[in-house]
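What follows is a single structure, written as structure tokens, with notes after it.
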Amino acid sequence: MNAWDVLTPALRGDAQSIKSDVDSGRAELMNWGGEFFTVTRSEETSRGTEMVLIAAAGKNAVKWCTEIEQVAKRAGYSSIRYHTQHAGLNRLVKSLNFQLLERVYQKDI
């Protein structure tokens with residue numbers, strides 16, 4: 001299974017920009033068991049280093065998101081942040097006890 005084939009539909013119009021971030025090292029493409037794929041980056045916050053999941057797609061999301069949390073904790077991250085427009089992932093992160101921090105609105109002009 002090719003990671004970009006799985007991720008690209010979830011990236012919508014941002015696929016090229018996100019691929020560029022991976023190619024430049026600003027973000028990391030991660031393979032979870034050959035069935036779930038993420039693009040992540042690290043950000044420094046007032047609470048410490050945060051793992052930001054820019055994109056996620058594939059099979060067995062509950063299993064892999066739980067594993068991602070454990071890996072992030074072992075790597076020293078203080079928090080994980082997801083950005084999503086996918087209703088299913090919104091339900092998933094709520095089930096994993098994530099807190100909604102903000103909503104983002106955009107208008108083309």
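Every chain in the structure tokens has a letter given in the order shown (A, B, ...), and although residue numbers restart at 1 in each chain, ligands are simply numbered from 1 in the order shown.
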Q) Excluding same-chain residues fewer than 2 positions from Asn60 (chain A), what lies within 8 Å of it counting only C-alpha atoms, as JSON, numbers by chain? A) {"A": [35, 36, 58, 62, 63, 64]}
(Q) Set the distance at 7 Å and use only C-alpha atoms: which residues neighbour region 78-83 of chain A once local chain neighbours fewer than 5 positions away are removed? I'd like the list as a VMD selection string. (A) chain A and resid 47 to 54 73
Q.
For a test of reading the model, state the distance in Å between CA of Glu44 (chain A) and CA of Ala72 (chain A), rounded to one decimal.
A.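 These atoms are spaced 14.0 Å apart.
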Q) What gap, in Å, lies between CA of Gly33 (chain A) and CA of Leu92 (chain A)? A) 18.8 Å
Q | Distance of CA of Ala57 (chain A) from CA of Trp4 (chain A), expressed in Å to one decimal place | A | 9.6 Å
